[in-house]
file coords.pdb (PDB, C-alpha atoms and all ligand atoms)
MODEL        1
ATOM      1  CA  MET F   1      80.582  93.084  88.601
ATOM      2  CA  SER F   2      78.766  95.361  91.054
ATOM      3  CA  ALA F   3      75.655  94.846  93.215
ATOM      4  CA  ALA F   4      76.049  91.064  93.311
ATOM      5  CA  GLY F   5      74.589  90.745  96.805
ATOM      6  CA  ALA F   6      70.903  90.718  95.917
ATOM      7  CA  GLY F   7      68.319  90.719  93.169
ATOM      8  CA  ILE F   8      69.381  90.840  89.530
ATOM      9  CA  GLY F   9      73.078  91.097  90.367
ATOM     10  CA  ARG F  10      73.041  88.019  92.577
ATOM     11  CA  ALA F  11      71.151  85.933  90.023
ATOM     12  CA  SER F  12      73.539  87.128  87.295
ATOM     13  CA  ALA F  13      76.676  86.358  89.311
ATOM     14  CA  LEU F  14      75.404  82.837  89.885
ATOM     15  CA  ALA F  15      74.330  82.355  86.277
ATOM     16  CA  MET F  16      77.743  83.448  84.978
ATOM     17  CA  ALA F  17      79.555  81.261  87.515
ATOM     18  CA  ARG F  18      77.439  78.276  86.451
ATOM     19  CA  GLU F  19      78.421  79.007  82.828
ATOM     20  CA  GLY F  20      82.040  78.539  83.895
ATOM     21  CA  ALA F  21      83.168  82.147  84.330
ATOM     22  CA  THR F  22      85.308  83.237  87.255
ATOM     23  CA  VAL F  23      83.136  86.000  88.682
ATOM     24  CA  HIS F  24      84.563  88.835  90.779
ATOM     25  CA  ALA F  25      81.359  89.686  92.598
ATOM     26  CA  THR F  26      81.183  92.915  94.612
ATOM     27  CA  ASP F  27      78.603  94.659  96.784
ATOM     28  CA  ILE F  28      78.414  96.896  99.850
ATOM     29  CA  ASP F  29      76.651  94.138 101.797
ATOM     30  CA  ALA F  30      79.317  91.863 103.314
ATOM     31  CA  GLY F  31      76.754  89.419 104.752
ATOM     32  CA  ALA F  32      75.072  88.919 101.388
ATOM     33  CA  LEU F  33      78.465  88.301  99.776
ATOM     34  CA  ASP F  34      79.302  85.705 102.445
ATOM     35  CA  THR F  35      76.243  83.642 101.566
ATOM     36  CA  LEU F  36      76.787  84.163  97.820
ATOM     37  CA  ALA F  37      80.382  82.938  98.049
ATOM     38  CA  GLN F  38      79.098  79.590  99.415
ATOM     39  CA  MET F  39      76.929  79.060  96.355
ATOM     40  CA  HIS F  40      79.565  78.416  93.686
ATOM     41  CA  GLU F  41      83.289  77.779  93.600
ATOM     42  CA  ASN F  42      83.765  80.267  90.722
ATOM     43  CA  LEU F  43      82.632  83.219  92.832
ATOM     44  CA  ARG F  44      85.268  85.579  94.277
ATOM     45  CA  CYS F  45      83.483  88.073  96.521
ATOM     46  CA  SER F  46      84.709  91.471  97.758
ATOM     47  CA  VAL F  47      83.042  94.343  99.544
ATOM     48  CA  LEU F  48      82.994  97.404  97.288
ATOM     49  CA  ASP F  49      81.010 100.629  97.417
ATOM     50  CA  VAL F  50      81.088 101.738  93.794
ATOM     51  CA  THR F  51      80.404 105.348  94.787
ATOM     52  CA  ASP F  52      83.707 105.457  96.684
ATOM     53  CA  ALA F  53      86.357 106.448  94.134
ATOM     54  CA  GLY F  54      89.249 105.327  96.351
ATOM     55  CA  GLN F  55      87.747 101.873  96.961
ATOM     56  CA  VAL F  56      87.016 101.411  93.267
ATOM     57  CA  ALA F  57      90.565 102.392  92.263
ATOM     58  CA  ALA F  58      92.060  99.956  94.792
ATOM     59  CA  PHE F  59      89.722  97.175  93.654
ATOM     60  CA  ALA F  60      90.529  97.788  89.975
ATOM     61  CA  GLU F  61      94.246  97.663  90.677
ATOM     62  CA  ALA F  62      93.995  94.351  92.535
ATOM     63  CA  ALA F  63      91.550  92.633  90.162
ATOM     64  CA  PRO F  64      92.664  90.837  86.998
ATOM     65  CA  ALA F  65      91.743  92.452  83.649
ATOM     66  CA  PRO F  66      88.187  91.241  82.983
ATOM     67  CA  ASP F  67      86.668  89.851  79.780
ATOM     68  CA  VAL F  68      83.310  91.175  80.972
ATOM     69  CA  LEU F  69      82.390  94.151  83.152
ATOM     70  CA  PHE F  70      78.821  94.153  84.474
ATOM     71  CA  ASN F  71      77.743  97.419  86.128
ATOM     72  CA  CYS F  72      74.550  96.492  87.947
ATOM     73  CA  ALA F  73      74.349  98.855  90.944
ATOM     74  CA  GLY F  74      71.568 101.429  90.905
ATOM     75  CA  PHE F  75      69.280 103.355  93.244
ATOM     76  CA  VAL F  76      65.548 103.930  92.671
ATOM     77  CA  HIS F  77      64.227 107.295  93.843
ATOM     78  CA  ASP F  78      60.455 107.258  94.275
ATOM     79  CA  GLY F  79      58.722 110.507  93.379
ATOM     80  CA  THR F  80      57.988 113.208  90.849
ATOM     81  CA  ILE F  81      60.415 116.012  90.032
ATOM     82  CA  LEU F  82      58.715 118.084  92.738
ATOM     83  CA  GLU F  83      59.633 115.516  95.372
ATOM     84  CA  ALA F  84      63.352 115.236  94.585
ATOM     85  CA  SER F  85      65.839 117.145  96.711
ATOM     86  CA  ASP F  86      69.367 118.089  95.664
ATOM     87  CA  ALA F  87      70.555 115.162  97.777
ATOM     88  CA  ASP F  88      68.224 112.784  95.882
ATOM     89  CA  TRP F  89      69.564 114.028  92.514
ATOM     90  CA  GLU F  90      73.143 113.716  93.730
ATOM     91  CA  ARG F  91      72.731 110.250  95.235
ATOM     92  CA  THR F  92      70.939 108.940  92.147
ATOM     93  CA  PHE F  93      73.427 110.267  89.609
ATOM     94  CA  ALA F  94      76.446 109.408  91.796
ATOM     95  CA  LEU F  95      75.467 105.728  91.911
ATOM     96  CA  ASN F  96      73.516 105.149  88.690
ATOM     97  CA  VAL F  97      75.771 107.138  86.346
ATOM     98  CA  ARG F  98      79.063 108.434  87.760
ATOM     99  CA  ALA F  99      80.011 105.208  89.548
ATOM    100  CA  MET F 100      79.264 103.255  86.376
ATOM    101  CA  GLY F 101      81.433 105.675  84.387
ATOM    102  CA  ARG F 102      84.262 105.283  86.892
ATOM    103  CA  MET F 103      84.198 101.486  86.691
ATOM    104  CA  ILE F 104      84.393 101.766  82.893
ATOM    105  CA  GLU F 105      87.244 104.326  83.040
ATOM    106  CA  LEU F 106      89.282 102.014  85.230
ATOM    107  CA  PHE F 107      88.612  98.666  83.557
ATOM    108  CA  LEU F 108      88.209  99.589  79.882
ATOM    109  CA  PRO F 109      91.896 100.381  79.181
ATOM    110  CA  ARG F 110      92.870  96.980  80.575
ATOM    111  CA  MET F 111      90.175  95.266  78.531
ATOM    112  CA  VAL F 112      91.512  97.033  75.426
ATOM    113  CA  GLU F 113      95.043  95.900  76.294
ATOM    114  CA  ASN F 114      93.675  92.364  76.589
ATOM    115  CA  GLY F 115      92.199  92.485  73.081
ATOM    116  CA  GLY F 116      88.679  93.547  73.999
ATOM    117  CA  GLY F 117      85.664  92.511  76.019
ATOM    118  CA  SER F 118      82.019  93.117  76.828
ATOM    119  CA  ILE F 119      80.696  95.891  79.077
ATOM    120  CA  ILE F 120      77.132  95.479  80.310
ATOM    121  CA  ASN F 121      75.364  98.397  81.971
ATOM    122  CA  MET F 122      72.132  98.192  83.912
ATOM    123  CA  ALA F 123      69.569 100.657  82.583
ATOM    124  CA  SER F 124      65.773 100.315  82.752
ATOM    125  CA  VAL F 125      62.672 100.675  80.626
ATOM    126  CA  ALA F 126      62.026 103.642  82.958
ATOM    127  CA  SER F 127      64.464 105.907  81.085
ATOM    128  CA  SER F 128      64.400 107.563  77.662
ATOM    129  CA  LEU F 129      62.304 104.547  76.588
ATOM    130  CA  LYS F 130      59.179 105.041  78.696
ATOM    131  CA  GLY F 131      57.688 107.663  80.984
ATOM    132  CA  VAL F 132      56.867 105.993  84.296
ATOM    133  CA  THR F 133      55.041 107.740  87.125
ATOM    134  CA  ARG F 134      57.091 108.596  90.248
ATOM    135  CA  ARG F 135      60.385 107.628  88.610
ATOM    136  CA  CYS F 136      61.517 111.052  87.362
ATOM    137  CA  ILE F 137      65.140 111.354  88.427
ATOM    138  CA  TYR F 138      65.625 107.586  88.298
ATOM    139  CA  SER F 139      64.508 107.626  84.655
ATOM    140  CA  ALA F 140      66.732 110.637  83.917
ATOM    141  CA  SER F 141      69.695 108.674  85.299
ATOM    142  CA  LYS F 142      68.843 105.512  83.353
ATOM    143  CA  GLY F 143      68.451 107.588  80.170
ATOM    144  CA  ALA F 144      71.988 108.803  80.874
ATOM    145  CA  VAL F 145      73.093 105.156  81.162
ATOM    146  CA  LEU F 146      71.774 104.522  77.645
ATOM    147  CA  GLY F 147      73.701 107.554  76.331
ATOM    148  CA  LEU F 148      76.861 106.475  78.143
ATOM    149  CA  THR F 149      76.486 102.954  76.756
ATOM    150  CA  LYS F 150      76.119 104.069  73.141
ATOM    151  CA  SER F 151      79.031 106.508  73.412
ATOM    152  CA  VAL F 152      81.415 103.946  74.898
ATOM    153  CA  ALA F 153      80.332 101.457  72.219
ATOM    154  CA  ALA F 154      81.009 103.978  69.440
ATOM    155  CA  ASP F 155      84.337 105.201  70.830
ATOM    156  CA  PHE F 156      85.870 101.766  71.424
ATOM    157  CA  ILE F 157      84.310  99.496  68.803
ATOM    158  CA  ARG F 158      87.576  99.341  66.837
ATOM    159  CA  GLU F 159      89.416  98.229  69.960
ATOM    160  CA  GLY F 160      87.299  95.140  70.458
ATOM    161  CA  ILE F 161      85.015  96.580  73.118
ATOM    162  CA  ARG F 162      81.297  95.935  73.038
ATOM    163  CA  CYS F 163      79.079  97.953  75.353
ATOM    164  CA  ASN F 164      75.384  97.215  75.826
ATOM    165  CA  ALA F 165      72.662  98.063  78.307
ATOM    166  CA  ILE F 166      69.853  95.954  79.725
ATOM    167  CA  CYS F 167      66.461  97.574  80.233
ATOM    168  CA  PRO F 168      64.293  95.489  82.560
ATOM    169  CA  GLY F 169      60.685  96.322  83.368
ATOM    170  CA  THR F 170      59.360  95.139  86.721
ATOM    171  CA  VAL F 171      61.561  92.562  88.398
ATOM    172  CA  LEU F 172      60.594  91.013  91.724
ATOM    173  CA  THR F 173      63.750  91.709  93.733
ATOM    174  CA  PRO F 174      64.244  92.460  97.443
ATOM    175  CA  SER F 175      64.464  96.189  96.700
ATOM    176  CA  LEU F 176      61.218  96.184  94.693
ATOM    177  CA  LYS F 177      59.524  94.309  97.551
ATOM    178  CA  ALA F 178      60.827  96.945  99.986
ATOM    179  CA  ARG F 179      59.497  99.765  97.773
ATOM    180  CA  MET F 180      56.087  98.068  97.619
ATOM    181  CA  ALA F 181      56.048  97.607 101.401
ATOM    182  CA  ALA F 182      57.130 101.216 102.015
ATOM    183  CA  GLY F 183      53.690 102.565 101.063
ATOM    184  CA  GLY F 184      52.114 100.628 103.957
ATOM    185  CA  ASP F 185      49.952  98.247 101.878
ATOM    186  CA  TYR F 186      52.174  95.644 100.199
ATOM    187  CA  ASP F 187      49.284  93.654  98.701
ATOM    188  CA  ALA F 188      47.718  96.715  97.054
ATOM    189  CA  ALA F 189      51.103  97.865  95.720
ATOM    190  CA  TYR F 190      51.805  94.355  94.387
ATOM    191  CA  ALA F 191      48.405  94.229  92.669
ATOM    192  CA  ALA F 192      49.022  97.647  91.056
ATOM    193  CA  MET F 193      52.457  96.551  89.794
ATOM    194  CA  LEU F 194      51.003  93.333  88.410
ATOM    195  CA  ASP F 195      48.169  95.195  86.764
ATOM    196  CA  ARG F 196      50.599  97.206  84.624
ATOM    197  CA  GLN F 197      52.208  93.981  83.287
ATOM    198  CA  PRO F 198      50.564  92.863  80.011
ATOM    199  CA  THR F 199      51.632  89.277  80.806
ATOM    200  CA  ARG F 200      50.174  89.525  84.343
ATOM    201  CA  GLU F 201      53.516  88.271  85.541
ATOM    202  CA  MET F 202      56.479  89.966  87.166
ATOM    203  CA  ALA F 203      59.941  89.109  85.910
ATOM    204  CA  SER F 204      62.292  87.218  88.187
ATOM    205  CA  PRO F 205      65.975  88.164  88.618
ATOM    206  CA  GLU F 206      66.824  84.960  86.712
ATOM    207  CA  ASP F 207      64.860  86.260  83.683
ATOM    208  CA  ILE F 208      67.303  89.169  83.477
ATOM    209  CA  ALA F 209      70.374  87.049  84.297
ATOM    210  CA  GLY F 210      69.831  85.149  81.033
ATOM    211  CA  MET F 211      70.331  88.387  79.112
ATOM    212  CA  VAL F 212      73.477  89.151  81.128
ATOM    213  CA  VAL F 213      74.902  85.739  80.187
ATOM    214  CA  TYR F 214      74.039  86.335  76.520
ATOM    215  CA  LEU F 215      75.707  89.761  76.436
ATOM    216  CA  ALA F 216      78.746  88.415  78.276
ATOM    217  CA  SER F 217      79.181  85.580  75.794
ATOM    218  CA  ASP F 218      80.447  85.355  72.239
ATOM    219  CA  GLU F 219      76.876  84.525  71.164
ATOM    220  CA  SER F 220      76.325  88.287  71.208
ATOM    221  CA  ARG F 221      79.621  89.169  69.475
ATOM    222  CA  VAL F 222      77.964  91.428  66.878
ATOM    223  CA  ALA F 223      75.713  93.221  69.361
ATOM    224  CA  THR F 224      76.953  96.569  70.619
ATOM    225  CA  GLY F 225      75.601  99.959  71.591
ATOM    226  CA  GLN F 226      72.098  98.647  72.246
ATOM    227  CA  GLY F 227      69.610  98.741  75.090
ATOM    228  CA  PHE F 228      68.075  95.269  75.400
ATOM    229  CA  VAL F 229      64.531  95.497  76.702
ATOM    230  CA  VAL F 230      63.408  92.565  78.881
ATOM    231  CA  ASP F 231      60.087  93.746  80.273
ATOM    232  CA  GLY F 232      57.271  91.283  79.592
ATOM    233  CA  GLY F 233      55.793  93.706  77.072
ATOM    234  CA  TRP F 234      55.430  96.630  79.520
ATOM    235  CA  SER F 235      56.838  99.090  76.987
ATOM    236  CA  LEU F 236      54.677  97.850  74.088
TER     237      LEU F 236
HETATM  238  P1  LIG V   1      68.813  96.372  94.417
HETATM  239  O1  LIG V   1      68.448  97.711  93.911
HETATM  240  O2  LIG V   1      68.173  95.960  95.662
HETATM  241  O3  LIG V   1      70.380  96.307  94.619
HETATM  242  C1  LIG V   1      71.044  95.085  94.683
HETATM  243  C2  LIG V   1      72.338  95.263  95.427
HETATM  244  O4  LIG V   1      72.970  96.546  95.215
HETATM  245  C3  LIG V   1      72.186  95.122  96.937
HETATM  246  O5  LIG V   1      72.829  93.925  97.315
HETATM  247  C4  LIG V   1      72.892  96.360  97.489
HETATM  248  O6  LIG V   1      73.645  96.087  98.661
HETATM  249  C5  LIG V   1      73.796  96.764  96.329
HETATM  250  N1  LIG V   1      74.245  98.160  96.388
HETATM  251  C6  LIG V   1      73.525  99.245  96.743
HETATM  252  N2  LIG V   1      74.309 100.337  96.737
HETATM  253  C7  LIG V   1      75.547  99.938  96.349
HETATM  254  C8  LIG V   1      76.796 100.603  96.175
HETATM  255  N3  LIG V   1      76.918 101.916  96.418
HETATM  256  N4  LIG V   1      77.872  99.890  95.763
HETATM  257  C9  LIG V   1      77.752  98.560  95.548
HETATM  258  N5  LIG V   1      76.610  97.862  95.718
HETATM  259  C10 LIG V   1      75.516  98.549  96.123
HETATM  260  O7  LIG V   1      68.534  95.223  93.313
HETATM  261  P2  LIG V   1      67.766  95.118  91.940
HETATM  262  O8  LIG V   1      66.333  95.516  92.096
HETATM  263  O9  LIG V   1      68.128  93.779  91.450
HETATM  264  O10 LIG V   1      68.424  96.225  90.976
HETATM  265  C11 LIG V   1      69.661  96.031  90.339
HETATM  266  C12 LIG V   1      69.754  96.989  89.171
HETATM  267  O11 LIG V   1      68.698  96.738  88.250
HETATM  268  C13 LIG V   1      69.651  98.474  89.543
HETATM  269  O12 LIG V   1      70.533  99.227  88.737
HETATM  270  C14 LIG V   1      68.211  98.805  89.196
HETATM  271  O13 LIG V   1      68.030 100.182  88.905
HETATM  272  C15 LIG V   1      68.018  97.942  87.960
HETATM  273  N6  LIG V   1      66.611  97.668  87.630
HETATM  274  C16 LIG V   1      65.823  97.006  88.535
HETATM  275  C17 LIG V   1      64.480  96.779  88.208
HETATM  276  C18 LIG V   1      63.540  96.073  89.169
HETATM  277  O14 LIG V   1      62.329  96.058  88.902
HETATM  278  N7  LIG V   1      64.020  95.490  90.247
HETATM  279  C19 LIG V   1      63.967  97.213  86.981
HETATM  280  C20 LIG V   1      64.824  97.865  86.090
HETATM  281  C21 LIG V   1      66.148  98.096  86.430
ENDMDL
END
call {"tool": "encode", "arguments": {"input": "coords.pdb", "output": "structure tokens", "more": "lines below"}}
Ligand code: NAD
result
Amino acid sequence: MSAAGAGIGRASALAMAREGATVHATDIDAGALDTLAQMHENLRCSVLDVTDAGQVAAFAEAAPAPDVLFNCAGFVHDGTILEASDADWERTFALNVRAMGRMIELFLPRMVENGGGSIINMASVASSLKGVTRRCIYSASKGAVLGLTKSVAADFIREGIRCNAICPGTVLTPSLKARMAAGGDYDAAYAAMLDRQPTREMASPEDIAGMVVYLASDESRVATGQGFVVDGGWSL
């Protein structure tokens, strides 16, 4: 799995390890992986930048064929279409879409060889599901994740592969906290985020990790090609 160092990825790595899975947890943040590795004996941590094709190929070659592939890494660009540079488009699609596609390209054939498995891709409610202010290219990339997910599910269903996406709403993670602080008034940004939640509650990373565990497990064996919304009713 990718992006296991913080937020949703970290909570998911721990939740899967506690369920008894051996989790190959990766991230670009070596320090975060060091502390994660102390938290459960089932965690095997390696530094991996999923946008680096060479690193990903080497990692895929060394890793055992997985039963589950969880592509969690993603970057949130803040702004309208008029505030996105070529570099912003490239960075967003390189991480949120192309890197995810590359992980699937490398691991899927080995999962097929193994008799199948579950691929879980991190999308968002901010995508083809909901228009969200200041999330234009982020939402375009997460819409692409939903398309990628459905296509992989359709192409490989007969080979025992399931492929689903998770679409969270607002999850209180370190990166969300940093985005709220970036505007200069954390408390006002927090209040605005909370105000858009019908439940008046933000989700925690653990709320999303439960869905990751479900999609990784045989409990979800007939679920494929879907985007599972976990958003406290934001998209209602
Ligand atoms: P986050 O965005 O802060 O990222 C968590 C980890 O990703 C960090 O440990 C970071 O080091 C790692 N990372 C960054 N670039 C990487 C790279 N190139 N290769 C490998 N790892 C890299 O955490 P988050 O908020 O939990 O988001 C995780 C995923 O969930 C993202 O795809 C995000 O778009 C999605 N998501 C988040 C929310 C939310 O409200 N937080 C809502 C919907 C979807």
call {"tool": "atom_distance", "arguments": {"input": "coords.pdb", "atom1": "CA of Asp155 in chain F", "atom2": "CA of Ala209 in chain F"}}
result
26.6 Å
call {"tool": "closest_atom_pairs", "arguments": {"input": "coords.pdb", "of": "chain F", "to": "ligand LIG 1 (chain V)", "cutoff": "9 Å", "atoms": "only C-alpha atoms and all ligand atoms", "output": "Markdown table"}}
result
| residue | atom | partner | partner_atom | distance |
| --- | --- | --- | --- | --- |
| F:Ser2 | CA | V:LIG1 | C9 | 5.6 |
| F:Ala3 | CA | V:LIG1 | O4 | 3.8 |
| F:Ala4 | CA | V:LIG1 | O5 | 5.9 |
| F:Gly5 | CA | V:LIG1 | O5 | 3.7 |
| F:Ala6 | CA | V:LIG1 | O5 | 4.0 |
| F:Gly7 | CA | V:LIG1 | O9 | 3.5 |
| F:Ile8 | CA | V:LIG1 | O9 | 3.7 |
| F:Gly9 | CA | V:LIG1 | O9 | 5.7 |
| F:Arg10 | CA | V:LIG1 | O5 | 7.6 |
| F:Ala11 | CA | V:LIG1 | O9 | 8.5 |
| F:Thr26 | CA | V:LIG1 | C9 | 6.7 |
| F:Asp27 | CA | V:LIG1 | N5 | 3.9 |
| F:Ile28 | CA | V:LIG1 | N5 | 4.6 |
| F:Asp29 | CA | V:LIG1 | O6 | 4.8 |
| F:Ala30 | CA | V:LIG1 | O6 | 8.5 |
| F:Ala32 | CA | V:LIG1 | O5 | 6.8 |
| F:Leu33 | CA | V:LIG1 | O5 | 8.3 |
| F:Val47 | CA | V:LIG1 | C9 | 7.9 |
| F:Leu48 | CA | V:LIG1 | C9 | 5.6 |
| F:Asp49 | CA | V:LIG1 | N4 | 3.6 |
| F:Val50 | CA | V:LIG1 | N4 | 4.2 |
| F:Thr51 | CA | V:LIG1 | N3 | 5.2 |
| F:Asp52 | CA | V:LIG1 | N3 | 7.7 |
| F:Asn71 | CA | V:LIG1 | O12 | 7.9 |
| F:Cys72 | CA | V:LIG1 | O12 | 4.9 |
| F:Ala73 | CA | V:LIG1 | O12 | 4.4 |
| F:Gly74 | CA | V:LIG1 | O12 | 3.3 |
| F:Phe75 | CA | V:LIG1 | O13 | 5.5 |
| F:Val76 | CA | V:LIG1 | O13 | 5.9 |
| F:Ala94 | CA | V:LIG1 | N3 | 8.8 |
| F:Leu95 | CA | V:LIG1 | N3 | 6.1 |
| F:Asn96 | CA | V:LIG1 | O12 | 6.6 |
| F:Ala99 | CA | V:LIG1 | N3 | 8.2 |
| F:Asn121 | CA | V:LIG1 | O12 | 8.4 |
| F:Met122 | CA | V:LIG1 | O12 | 5.2 |
| F:Ala123 | CA | V:LIG1 | C21 | 5.7 |
| F:Ser124 | CA | V:LIG1 | C20 | 4.2 |
| F:Val125 | CA | V:LIG1 | C20 | 6.5 |
| F:Ala126 | CA | V:LIG1 | C20 | 7.1 |
| F:Tyr138 | CA | V:LIG1 | O13 | 7.8 |
| F:Lys142 | CA | V:LIG1 | O13 | 7.7 |
| F:Ile166 | CA | V:LIG1 | C21 | 8.0 |
| F:Cys167 | CA | V:LIG1 | C20 | 6.1 |
| F:Pro168 | CA | V:LIG1 | C20 | 4.3 |
| F:Gly169 | CA | V:LIG1 | C19 | 5.0 |
| F:Thr170 | CA | V:LIG1 | O14 | 3.8 |
| F:Val171 | CA | V:LIG1 | O14 | 3.6 |
| F:Leu172 | CA | V:LIG1 | N7 | 5.8 |
| F:Thr173 | CA | V:LIG1 | O8 | 4.9 |
| F:Pro174 | CA | V:LIG1 | O2 | 5.6 |
| F:Ser175 | CA | V:LIG1 | O2 | 3.9 |
| F:Leu176 | CA | V:LIG1 | N7 | 5.3 |
| F:Lys177 | CA | V:LIG1 | N7 | 8.7 |
| F:Ala178 | CA | V:LIG1 | O2 | 8.6 |
| F:Met202 | CA | V:LIG1 | O14 | 8.6 |
| F:Ala203 | CA | V:LIG1 | O14 | 7.9 |
| F:Ser204 | CA | V:LIG1 | N7 | 8.7 |
| F:Pro205 | CA | V:LIG1 | O9 | 6.6 |
| F:Asp231 | CA | V:LIG1 | C19 | 8.5 |
call {"tool": "write_last_selection", "arguments": {"input": "coords.pdb", "atoms": "C-alpha atoms", "output": "compact mmCIF listing (two decimals), keeping the file's coordinate frame"}}
result
# COMPACT_ATOMS: atom_id res chain seq x y z
CA SER F 2 78.77 95.36 91.05
CA ALA F 3 75.66 94.85 93.22
CA ALA F 4 76.05 91.06 93.31
CA GLY F 5 74.59 90.74 96.80
CA ALA F 6 70.90 90.72 95.92
CA GLY F 7 68.32 90.72 93.17
CA ILE F 8 69.38 90.84 89.53
CA GLY F 9 73.08 91.10 90.37
CA ARG F 10 73.04 88.02 92.58
CA ALA F 11 71.15 85.93 90.02
CA THR F 26 81.18 92.92 94.61
CA ASP F 27 78.60 94.66 96.78
CA ILE F 28 78.41 96.90 99.85
CA ASP F 29 76.65 94.14 101.80
CA ALA F 30 79.32 91.86 103.31
CA ALA F 32 75.07 88.92 101.39
CA LEU F 33 78.46 88.30 99.78
CA VAL F 47 83.04 94.34 99.54
CA LEU F 48 82.99 97.40 97.29
CA ASP F 49 81.01 100.63 97.42
CA VAL F 50 81.09 101.74 93.79
CA THR F 51 80.40 105.35 94.79
CA ASP F 52 83.71 105.46 96.68
CA ASN F 71 77.74 97.42 86.13
CA CYS F 72 74.55 96.49 87.95
CA ALA F 73 74.35 98.86 90.94
CA GLY F 74 71.57 101.43 90.90
CA PHE F 75 69.28 103.36 93.24
CA VAL F 76 65.55 103.93 92.67
CA ALA F 94 76.45 109.41 91.80
CA LEU F 95 75.47 105.73 91.91
CA ASN F 96 73.52 105.15 88.69
CA ALA F 99 80.01 105.21 89.55
CA ASN F 121 75.36 98.40 81.97
CA MET F 122 72.13 98.19 83.91
CA ALA F 123 69.57 100.66 82.58
CA SER F 124 65.77 100.32 82.75
CA VAL F 125 62.67 100.68 80.63
CA ALA F 126 62.03 103.64 82.96
CA TYR F 138 65.62 107.59 88.30
CA LYS F 142 68.84 105.51 83.35
CA ILE F 166 69.85 95.95 79.72
CA CYS F 167 66.46 97.57 80.23
CA PRO F 168 64.29 95.49 82.56
CA GLY F 169 60.68 96.32 83.37
CA THR F 170 59.36 95.14 86.72
CA VAL F 171 61.56 92.56 88.40
CA LEU F 172 60.59 91.01 91.72
CA THR F 173 63.75 91.71 93.73
CA PRO F 174 64.24 92.46 97.44
CA SER F 175 64.46 96.19 96.70
CA LEU F 176 61.22 96.18 94.69
CA LYS F 177 59.52 94.31 97.55
CA ALA F 178 60.83 96.94 99.99
CA MET F 202 56.48 89.97 87.17
CA ALA F 203 59.94 89.11 85.91
CA SER F 204 62.29 87.22 88.19
CA PRO F 205 65.97 88.16 88.62
CA ASP F 231 60.09 93.75 80.27
call {"tool": "closest_residue", "arguments": {"input": "coords.pdb", "among": "F:Ala154, F:Leu148, F:Leu236, F:Cys45", "to": "Gln197 in chain F", "atoms": "only C-alpha atoms"}}
result
F:Leu236
call {"tool": "resolve_selection", "arguments": {"input": "coords.pdb", "expression": "the PyMOL selection byres (((chain F and resi 212) around 12) and not hetatm)", "output": "ChimeraX atom specification"}}
result
/F:1,8-17,19,68-72,118-122,163-168,205-211,213-220,227-230
call {"tool": "atom_distance", "arguments": {"input": "coords.pdb", "atom1": "CA of Met100 in chain F", "atom2": "CA of Met193 in chain F"}}
result
27.8 Å
call {"tool": "resolve_selection", "arguments": {"input": "coords.pdb", "expression": "the PyMOL selection byres (((chain F and resi 143) around 8) and not hetatm)", "output": "VMD selection string"}}
result
chain F and resid 123 127 to 129 139 to 142 144 to 147
call {"tool": "closest_residue", "arguments": {"input": "coords.pdb", "among": "F:Arg18, F:Lys130, F:Arg196, F:Arg135", "to": "Gly79 in chain F", "atoms": "only C-alpha atoms"}}
result
F:Arg135
call {"tool": "resolve_selection", "arguments": {"input": "coords.pdb", "expression": "the PyMOL selection byres (((chain F and resi 64) around 10) and not hetatm)", "output": "PyMOL selection string"}}
result
chain F and resi 24+59-63+65-67+107+110-111
call {"tool": "closest_residue", "arguments": {"input": "coords.pdb", "among": "F:Val56, F:Ile137, F:Ala192, F:Met103", "to": "Asp88 in chain F", "atoms": "only C-alpha atoms"}}
result
F:Ile137
call {"tool": "atom_distance", "arguments": {"input": "coords.pdb", "atom1": "CA of Pro198 in chain F", "atom2": "CA of Gly131 in chain F"}}
result
16.5 Å
call {"tool": "closest_residue", "arguments": {"input": "coords.pdb", "among": "F:Glu201, F:Asp78, F:Ser235, F:Glu159", "to": "Met180 in chain F", "atoms": "all atoms listed in the file"}}
result
F:Asp78
call {"tool": "build_atoms", "arguments": {"input": "coords.pdb", "residues": "range 224-229 of chain F", "atoms": "N, CA, C and O atoms", "output": "PDB file, in the coordinates of the input"}}
result
ATOM      1  N   THR F 224      76.332  95.510  69.803  1.00  0.00           N
ATOM      2  CA  THR F 224      76.953  96.569  70.619  1.00  0.00           C
ATOM      3  C   THR F 224      76.172  97.875  70.499  1.00  0.00           C
ATOM      4  O   THR F 224      75.520  98.133  69.489  1.00  0.00           O
ATOM      5  N   GLY F 225      76.230  98.633  71.570  1.00  0.00           N
ATOM      6  CA  GLY F 225      75.601  99.959  71.591  1.00  0.00           C
ATOM      7  C   GLY F 225      74.090  99.915  71.746  1.00  0.00           C
ATOM      8  O   GLY F 225      73.410 100.921  71.502  1.00  0.00           O
ATOM      9  N   GLN F 226      73.555  98.792  72.197  1.00  0.00           N
ATOM     10  CA  GLN F 226      72.098  98.647  72.246  1.00  0.00           C
ATOM     11  C   GLN F 226      71.571  98.588  73.677  1.00  0.00           C
ATOM     12  O   GLN F 226      72.284  98.194  74.598  1.00  0.00           O
ATOM     13  N   GLY F 227      70.311  98.937  73.826  1.00  0.00           N
ATOM     14  CA  GLY F 227      69.610  98.741  75.090  1.00  0.00           C
ATOM     15  C   GLY F 227      68.650  97.575  74.897  1.00  0.00           C
ATOM     16  O   GLY F 227      67.720  97.667  74.089  1.00  0.00           O
ATOM     17  N   PHE F 228      68.896  96.481  75.580  1.00  0.00           N
ATOM     18  CA  PHE F 228      68.075  95.269  75.400  1.00  0.00           C
ATOM     19  C   PHE F 228      66.925  95.281  76.400  1.00  0.00           C
ATOM     20  O   PHE F 228      67.136  95.170  77.607  1.00  0.00           O
ATOM     21  N   VAL F 229      65.725  95.411  75.861  1.00  0.00           N
ATOM     22  CA  VAL F 229      64.531  95.497  76.702  1.00  0.00           C
ATOM     23  C   VAL F 229      64.066  94.085  77.080  1.00  0.00           C
ATOM     24  O   VAL F 229      63.890  93.236  76.207  1.00  0.00           O
TER      25      VAL F 229
END
